[in-house]
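Visitor: Dropping the structure in here first, questions after.
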Amino acid sequence: MRLAALLLILLLAAGLAAAQKPRRGGSLTVVINAEPPVLDPTASTSQEIARVLYDNVLQGLVKFNVKGEIVPALAERWSVSPGGLTYTFRLRRNVRFHNGASFTAEDVVFKFQRALDPRSGHTHPEYYRDIVRMETPDPYTVVFRLRQPNSEFLFNLARPDSVIGPRGRVEEQRTQPVGTGPFRFVAWDRGVGIRLERFSGYYERGRPYLDRVAFRILPDQNAQLAALRTGDVDVLGYGVVPENALALQRDPGMRVIVGTTTTEITVGMNNSRPPFNDVRVRRAMQYAIDKDELIRGVMMGFGTKIGSHRSPNEPCYVDLSNMYPPDPARARALLLEAGYGPQNPLTFTFTLAAPYPYERRLGEAIAAQLARVGVRAQLEIVEWATWLSRVFRGADYQMTIIGHSEPNDIEIYANPNYYFRYNNPTFARLLERYRRLNAPDRACEIMRQLQRILAEDAVNVWIMNAPYIAAMRNAVNGWWTDQPTPSMNVTEVWLAR
Amino acid sequence: MTSFFLQRLGVAALTLWLVTLLVFWALLLVPGDPAQTILGLEASPEALAALRHQLGLDRPPVLRYVEWLSRVVRGDLGTSIRYGRPIGDLIAARLGVTLPVVFASVGVAATLGTMLGTIAARAAGYRLDLVVSTFALGGIVLPSFWVGLLFIGFFSVRLGVLPSGGFPGWHHLPAALAHLVLPVLTLALTRAALFARMVRASLLEVLGEDYVRTARAKGVPEERILVRHALRNAAIPIVTVLGLEFAQLLTAALVVESVFTLPGLGTLVLVGIEARDYPLVQGIVLVLAFFIVVLNLLTDVLYALLDPRVAYG
């Protein structure tokens, strides 16, 4: 009997091991919530572009892996000079672009020259500002000389903005991207989706596993759920709403992935305008909002509360989520001090952006929490383009809520024109010191200090690190469990039989 | 006849021009910047300015309108800001989905509506009439997007027989047709209800006419009376409604397309509005208005041809 049990266990284990072995072939349909505006991450900062193309089609010298570590991509190794002023990259040989051209140091130089040209329209030129010179001692070596040490330089080279296309090819990349990734771009059916297919000339042998990948645009959550259940699609790539995640978790044929992102869901306050130009009012908001209750009640337990503008999975994170514990009495006292009481209640407009489901429902619940301390937040729902022009660009708002999804983006607080209108020269100076320090431990200490300053100034209310929720058929393996950078990474995905 | 036609044509052209004017100025009033929606949240001010210049958005609106109009009259709808492709091509591709859906819906709605209406008229006052009339009332009051969701829930999720949404493209013909079944049914059912009521009312009126009584008195079989005499005469108001219905369906299709995420004109216009793709939205509205105006024109002319009593003046 015991022997039989042992045999059974062994058999099961063998079966599992066999099942774990990646299988070649098959095609995968992945749902995305929105259509990218263009297909070139160097032409637009829209996250939808990177979600589809990062690493799958377009690669840079280095890239992020699922843990957020920087790993080799087109550069097989690199070294940094002791002073932090010289970065030398050894490029992979025998790399071909999807159009057949071979990849050399010339392509790298062309890319970063373009990135440095302010008239080129390249996204985030500030990432590359410290490059003074590039040298190519041979076709497979690139040397970057920096003006000053920059602790973020390598990180920036791993971002989607730093992907490299064939030299001279710029305009066409917007609609027909050519890269070096394991998948080749096939077609963009406007309004329908984007199709990729296996690139047989990929430099890593045996990769990718899938023959074809289709990204299908399906914005409606109910339609997404129906499409997954009926087998029309294989994966809901991101942003599954909590109630659908719970429903799918009960389905034995489905797998729900709950991981981390770099998205800080932030209640933004206009620090330059009444009433939020008064730090007492901003602190009152911190005490009035109960983040645990929001996560439990609105997000059904998904998400991690935070207390500053950084996500727990990012380096040098410090947990400040309990700096302002929920305390309605204290909130009332602070408001009274600032001149708001029962006779003269604090009233303002709370602007919500329509297309973001997590933020919208959180905003509604937050308004209810604020009402408990006598604050009247009048909800106003605007669609995305209006939000962009009025709130984001014009800072014509009082309070809003939005997810900031870019990794490592605390530097937005050093820009006094950013829509929070936070102006603290000390913060800006400290951030500059952090960037220039060539000693990781010291730099990390400064990064923690930066987070503390923001929390003490109560610039915004940072609610939570948004969960990464994806759902897929059980047969789908190798899907990214976290989002250190927004990416529907299919480079290692395979289908079980 | 010719002057009647020319006069109608003039009115149609004027309507179209007013539509373009209205859409252009309405879009100007809406806040939002197409360049920002393309370049994203973190775009630099220089990049935004460069793109706005490239798109010609930094020029006065009046100039933009005149230029756009002068291109349109030459048959060029311009280039989409969002997609960077000729708007004519984008619209043509989407019409390839929307028009089949609308035509099929009109066909199904007219057939089903006529059948139900005839049944109800014959059974006027009896239980069957009540059932059909209740169904018809339901079809009219239920919003199509909700009916669509119910259909998805039943046919796609519960039974698993039809796809819930999306469109694989016409090169997969059987799959493409399967994807269009639910949208067509959704649109057709609400419209069939209206037809049924029209046919029933029209038939009842005709069945009360003297010549029907005469036919009955002569001993003509009831079926023959219904088909030869009644339905034929009841058809005139129905033909009118058919034309108007077609125009109605074009706009109703825009909503239903969203429910089923069909890549038709409706989803395209939504994308256009969200991205503040002014030329795209103008182009689509113009094309829709064109269809509606032409249909109205055709209905007018057909009506005049069918019924000599309609004055040409």
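Labels used: A, B, ... for chains in the order of the structure tokens, numbers from 1 for residues in each chain, and numbers from 1 for ligands as shown.
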Which residues in range 161-291 of chain B does DSSP call helix (DSSP H, G or I)? List them as a ChimeraX atom specification.

Guide: /B:173-207,210-217,222-259,265-274,278-291

Visitor: Using only C-alpha atoms, determine which residues of chain A fall within 7 Å of chain B; present them as a ChimeraX atom specification.

Guide: /A:37,43-46,121,123,191-192,218,223,226-227,229-230,232,384-386,388-389

Visitor: For the selection you just gave me, I'd like the residues written to a file as an mmCIF file, in the first residue's frame, keeping C-alpha atoms.

Guide:
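What follows is the written file part.cif:
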```cif
data_model
loop_
_atom_site.group_PDB
_atom_site.id
_atom_site.type_symbol
_atom_site.label_atom_id
_atom_site.label_comp_id
_atom_site.auth_asym_id
_atom_site.auth_seq_id
_atom_site.Cartn_x
_atom_site.Cartn_y
_atom_site.Cartn_z
ATOM 1 C CA PRO A 37 -1.222 55.555 -30.321
ATOM 2 C CA ALA A 43 7.958 58.464 -30.182
ATOM 3 C CA SER A 44 5.381 58.461 -27.370
ATOM 4 C CA THR A 45 5.438 57.820 -23.644
ATOM 5 C CA SER A 46 2.138 55.927 -23.748
ATOM 6 C CA GLY A 121 10.947 64.278 -30.822
ATOM 7 C CA THR A 123 10.843 60.677 -25.654
ATOM 8 C CA GLY A 191 -9.016 49.270 -33.699
ATOM 9 C CA VAL A 192 -8.674 45.482 -33.671
ATOM 10 C CA LEU A 218 -10.990 44.904 -25.779
ATOM 11 C CA ALA A 223 -16.532 41.651 -22.723
ATOM 12 C CA ALA A 226 -16.809 36.701 -21.647
ATOM 13 C CA ALA A 227 -14.035 36.425 -24.241
ATOM 14 C CA ARG A 229 -14.492 32.208 -20.704
ATOM 15 C CA THR A 230 -15.604 31.390 -24.222
ATOM 16 C CA ASP A 232 -11.937 33.577 -27.792
ATOM 17 C CA TRP A 384 -8.996 61.200 -20.707
ATOM 18 C CA ALA A 385 -8.154 63.946 -23.206
ATOM 19 C CA THR A 386 -9.868 66.506 -20.991
ATOM 20 C CA LEU A 388 -4.710 65.495 -19.827
ATOM 21 C CA SER A 389 -5.225 69.041 -20.961
#
```

Visitor: Tell me, as a VMD selection string, which residues lie within 10 Å of range 272-275 of chain A, counting only C-alpha atoms; anything in the same chain fewer than 5 positions away does not count.

Guide: chain A and resid 280 to 282 338 340 346 to 348 395 to 399 416 419 to 423

Visitor: Please produce a file of those selected residues containing C-alpha atoms, as an mmCIF file, in the first residue's frame.

Guide:
```cif
data_model
loop_
_atom_site.group_PDB
_atom_site.id
_atom_site.type_symbol
_atom_site.label_atom_id
_atom_site.label_comp_id
_atom_site.auth_asym_id
_atom_site.auth_seq_id
_atom_site.Cartn_x
_atom_site.Cartn_y
_atom_site.Cartn_z
ATOM 1 C CA ARG A 280 -2.390 71.381 7.395
ATOM 2 C CA VAL A 281 -5.184 70.667 4.936
ATOM 3 C CA ARG A 282 -3.002 68.208 3.046
ATOM 4 C CA ALA A 338 -6.725 75.754 8.922
ATOM 5 C CA TYR A 340 -12.539 74.867 8.241
ATOM 6 C CA LEU A 346 -13.967 72.411 3.360
ATOM 7 C CA THR A 347 -15.437 72.082 -0.156
ATOM 8 C CA PHE A 348 -13.568 71.338 -3.343
ATOM 9 C CA ALA A 395 -2.983 72.155 -13.381
ATOM 10 C CA ASP A 396 -6.506 73.554 -13.416
ATOM 11 C CA TYR A 397 -7.857 71.346 -10.635
ATOM 12 C CA GLN A 398 -7.940 70.934 -6.864
ATOM 13 C CA MET A 399 -7.833 67.204 -6.234
ATOM 14 C CA PRO A 416 7.673 72.707 -9.923
ATOM 15 C CA TYR A 419 0.657 69.139 -12.058
ATOM 16 C CA PHE A 420 1.015 68.767 -8.259
ATOM 17 C CA ARG A 421 2.782 72.165 -8.394
ATOM 18 C CA TYR A 422 5.050 71.078 -5.576
ATOM 19 C CA ASN A 423 7.959 73.442 -5.221
#
```

Visitor: Would you kindly return, as a PDB file with N, CA and C atoms, in the first residue's frame, each protein, DNA or RNA residue with an atom no farther than 8 Å from any atom of range 57-70 of chain A, considering only C-alpha atoms and excluding same-chain residues fewer than 4 positions away?

Guide:
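The result, stored in out04.pdb:
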```pdb
ATOM      1  N   LEU A  53       5.272  45.852 -27.141  1.00  0.00           N
ATOM      2  CA  LEU A  53       6.495  45.675 -27.926  1.00  0.00           C
ATOM      3  C   LEU A  53       7.770  45.456 -27.124  1.00  0.00           C
ATOM      4  N   LEU A  74      20.935  43.369 -25.968  1.00  0.00           N
ATOM      5  CA  LEU A  74      21.808  43.426 -27.132  1.00  0.00           C
ATOM      6  C   LEU A  74      23.283  43.549 -26.738  1.00  0.00           C
ATOM      7  N   ALA A  75      23.543  43.992 -25.513  1.00  0.00           N
ATOM      8  CA  ALA A  75      24.915  43.982 -24.999  1.00  0.00           C
ATOM      9  C   ALA A  75      25.062  42.703 -24.185  1.00  0.00           C
ATOM     10  N   PHE A  89      30.114  48.909 -23.416  1.00  0.00           N
ATOM     11  CA  PHE A  89      29.208  47.795 -23.715  1.00  0.00           C
ATOM     12  C   PHE A  89      29.796  46.916 -24.808  1.00  0.00           C
ATOM     13  N   LEU A  91      28.838  44.319 -27.487  1.00  0.00           N
ATOM     14  CA  LEU A  91      27.586  43.918 -28.135  1.00  0.00           C
ATOM     15  C   LEU A  91      27.610  42.438 -28.519  1.00  0.00           C
ATOM     16  N   LEU A 154      22.208  53.324 -16.204  1.00  0.00           N
ATOM     17  CA  LEU A 154      21.961  51.964 -16.670  1.00  0.00           C
ATOM     18  C   LEU A 154      20.461  51.645 -16.622  1.00  0.00           C
ATOM     19  N   PHE A 155      19.817  52.117 -15.556  1.00  0.00           N
ATOM     20  CA  PHE A 155      18.372  51.930 -15.421  1.00  0.00           C
ATOM     21  C   PHE A 155      17.659  52.540 -16.625  1.00  0.00           C
ATOM     22  N   LEU A 157      18.838  52.991 -19.511  1.00  0.00           N
ATOM     23  CA  LEU A 157      19.115  52.237 -20.739  1.00  0.00           C
ATOM     24  C   LEU A 157      18.253  50.976 -20.827  1.00  0.00           C
ATOM     25  N   ALA A 158      17.676  50.576 -19.700  1.00  0.00           N
ATOM     26  CA  ALA A 158      16.809  49.394 -19.727  1.00  0.00           C
ATOM     27  C   ALA A 158      15.359  49.765 -20.012  1.00  0.00           C
ATOM     28  N   ARG A 159      15.050  51.045 -19.982  1.00  0.00           N
ATOM     29  CA  ARG A 159      13.663  51.478 -20.186  1.00  0.00           C
ATOM     30  C   ARG A 159      13.227  51.271 -21.639  1.00  0.00           C
ATOM     31  N   PRO A 160      11.906  51.240 -21.855  1.00  0.00           N
ATOM     32  CA  PRO A 160      11.394  51.087 -23.227  1.00  0.00           C
ATOM     33  C   PRO A 160      11.847  52.202 -24.170  1.00  0.00           C
ATOM     34  N   SER A 162      14.686  53.243 -24.526  1.00  0.00           N
ATOM     35  CA  SER A 162      16.053  53.016 -24.983  1.00  0.00           C
ATOM     36  C   SER A 162      16.177  51.866 -25.982  1.00  0.00           C
ATOM     37  N   VAL A 163      15.069  51.421 -26.549  1.00  0.00           N
ATOM     38  CA  VAL A 163      15.157  50.339 -27.532  1.00  0.00           C
ATOM     39  C   VAL A 163      15.836  50.839 -28.809  1.00  0.00           C
ATOM     40  N   ILE A 164      16.444  49.904 -29.511  1.00  0.00           N
ATOM     41  CA  ILE A 164      17.256  50.270 -30.668  1.00  0.00           C
ATOM     42  C   ILE A 164      16.686  49.648 -31.939  1.00  0.00           C
ATOM     43  N   GLY A 165      16.460  50.505 -32.927  1.00  0.00           N
ATOM     44  CA  GLY A 165      16.002  50.040 -34.237  1.00  0.00           C
ATOM     45  C   GLY A 165      17.126  50.160 -35.245  1.00  0.00           C
ATOM     46  N   PRO A 177       7.180  48.663 -36.647  1.00  0.00           N
ATOM     47  CA  PRO A 177       8.433  48.566 -35.900  1.00  0.00           C
ATOM     48  C   PRO A 177       9.300  47.382 -36.331  1.00  0.00           C
ATOM     49  N   VAL A 178      10.577  47.654 -36.514  1.00  0.00           N
ATOM     50  CA  VAL A 178      11.554  46.610 -36.798  1.00  0.00           C
ATOM     51  C   VAL A 178      12.532  46.577 -35.640  1.00  0.00           C
ATOM     52  N   GLY A 179      12.713  45.428 -35.049  1.00  0.00           N
ATOM     53  CA  GLY A 179      13.613  45.324 -33.911  1.00  0.00           C
ATOM     54  C   GLY A 179      14.446  44.078 -33.987  1.00  0.00           C
ATOM     55  N   THR A 180      14.921  43.640 -32.816  1.00  0.00           N
ATOM     56  CA  THR A 180      15.785  42.463 -32.753  1.00  0.00           C
ATOM     57  C   THR A 180      15.192  41.403 -31.836  1.00  0.00           C
ATOM     58  N   GLY A 181      13.977  41.613 -31.369  1.00  0.00           N
ATOM     59  CA  GLY A 181      13.373  40.725 -30.385  1.00  0.00           C
ATOM     60  C   GLY A 181      12.954  39.385 -30.958  1.00  0.00           C
ATOM     61  N   PRO A 182      12.496  38.483 -30.106  1.00  0.00           N
ATOM     62  CA  PRO A 182      12.126  37.133 -30.549  1.00  0.00           C
ATOM     63  C   PRO A 182      10.880  37.096 -31.430  1.00  0.00           C
ATOM     64  N   PHE A 183      10.115  38.211 -31.429  1.00  0.00           N
ATOM     65  CA  PHE A 183       8.940  38.245 -32.306  1.00  0.00           C
ATOM     66  C   PHE A 183       9.069  39.386 -33.308  1.00  0.00           C
ATOM     67  N   ARG A 184       8.526  39.118 -34.473  1.00  0.00           N
ATOM     68  CA  ARG A 184       8.547  40.043 -35.584  1.00  0.00           C
ATOM     69  C   ARG A 184       7.161  40.668 -35.680  1.00  0.00           C
ATOM     70  N   PHE A 185       7.118  41.967 -35.913  1.00  0.00           N
ATOM     71  CA  PHE A 185       5.822  42.628 -36.107  1.00  0.00           C
ATOM     72  C   PHE A 185       5.221  42.196 -37.446  1.00  0.00           C
ATOM     73  N   GLU A 314      10.436  48.411  -5.709  1.00  0.00           N
ATOM     74  CA  GLU A 314      11.514  49.203  -6.292  1.00  0.00           C
ATOM     75  C   GLU A 314      12.660  49.319  -5.284  1.00  0.00           C
ATOM     76  N   TRP A 480       4.751  36.737 -17.217  1.00  0.00           N
ATOM     77  CA  TRP A 480       5.370  37.572 -16.175  1.00  0.00           C
ATOM     78  C   TRP A 480       4.423  37.712 -14.976  1.00  0.00           C
ATOM     79  N   THR A 481       4.935  37.405 -13.780  1.00  0.00           N
ATOM     80  CA  THR A 481       4.097  37.459 -12.584  1.00  0.00           C
ATOM     81  C   THR A 481       4.071  38.849 -11.961  1.00  0.00           C
ATOM     82  N   ASP A 482       5.030  39.693 -12.314  1.00  0.00           N
ATOM     83  CA  ASP A 482       5.066  41.063 -11.803  1.00  0.00           C
ATOM     84  C   ASP A 482       5.331  41.994 -12.973  1.00  0.00           C
ATOM     85  N   GLN A 483       5.170  43.273 -12.711  1.00  0.00           N
ATOM     86  CA  GLN A 483       5.394  44.261 -13.773  1.00  0.00           C
ATOM     87  C   GLN A 483       6.430  45.282 -13.321  1.00  0.00           C
ATOM     88  N   PRO A 484       7.718  44.914 -13.308  1.00  0.00           N
ATOM     89  CA  PRO A 484       8.735  45.906 -12.945  1.00  0.00           C
ATOM     90  C   PRO A 484       8.757  47.042 -13.963  1.00  0.00           C
ATOM     91  N   THR A 485       8.264  46.777 -15.147  1.00  0.00           N
ATOM     92  CA  THR A 485       8.041  47.782 -16.170  1.00  0.00           C
ATOM     93  C   THR A 485       6.818  47.271 -16.917  1.00  0.00           C
TER      94      THR A 485
END
```

Visitor: Which value, in Å to one decimal, gives the distance between CA of Arg147 in chain A and CA of Ile131 in chain A?

Guide: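 These atoms are spaced 6.2 Å apart.
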
Visitor: In Å, rounded to a single decimal, give me how far CA of Ala201 in chain B is from CA of Ala234 in chain B.

Guide: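 Computed distance, CA of Ala234 in chain B to CA of Ala201 in chain B, equals 8.9 Å.
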
Visitor: Quick one: distance from CA of Gly301 in chain A to CA of Asp251 in chain A in Å, one decimal?

Guide: 18.8 Å

Visitor: Can you pull out every residue within 10 Å of Gly253 in chain A, counting only C-alpha atoms, but drop anything in the same chain fewer than 6 positions away, and send it as a count of residues only?

Guide: 5
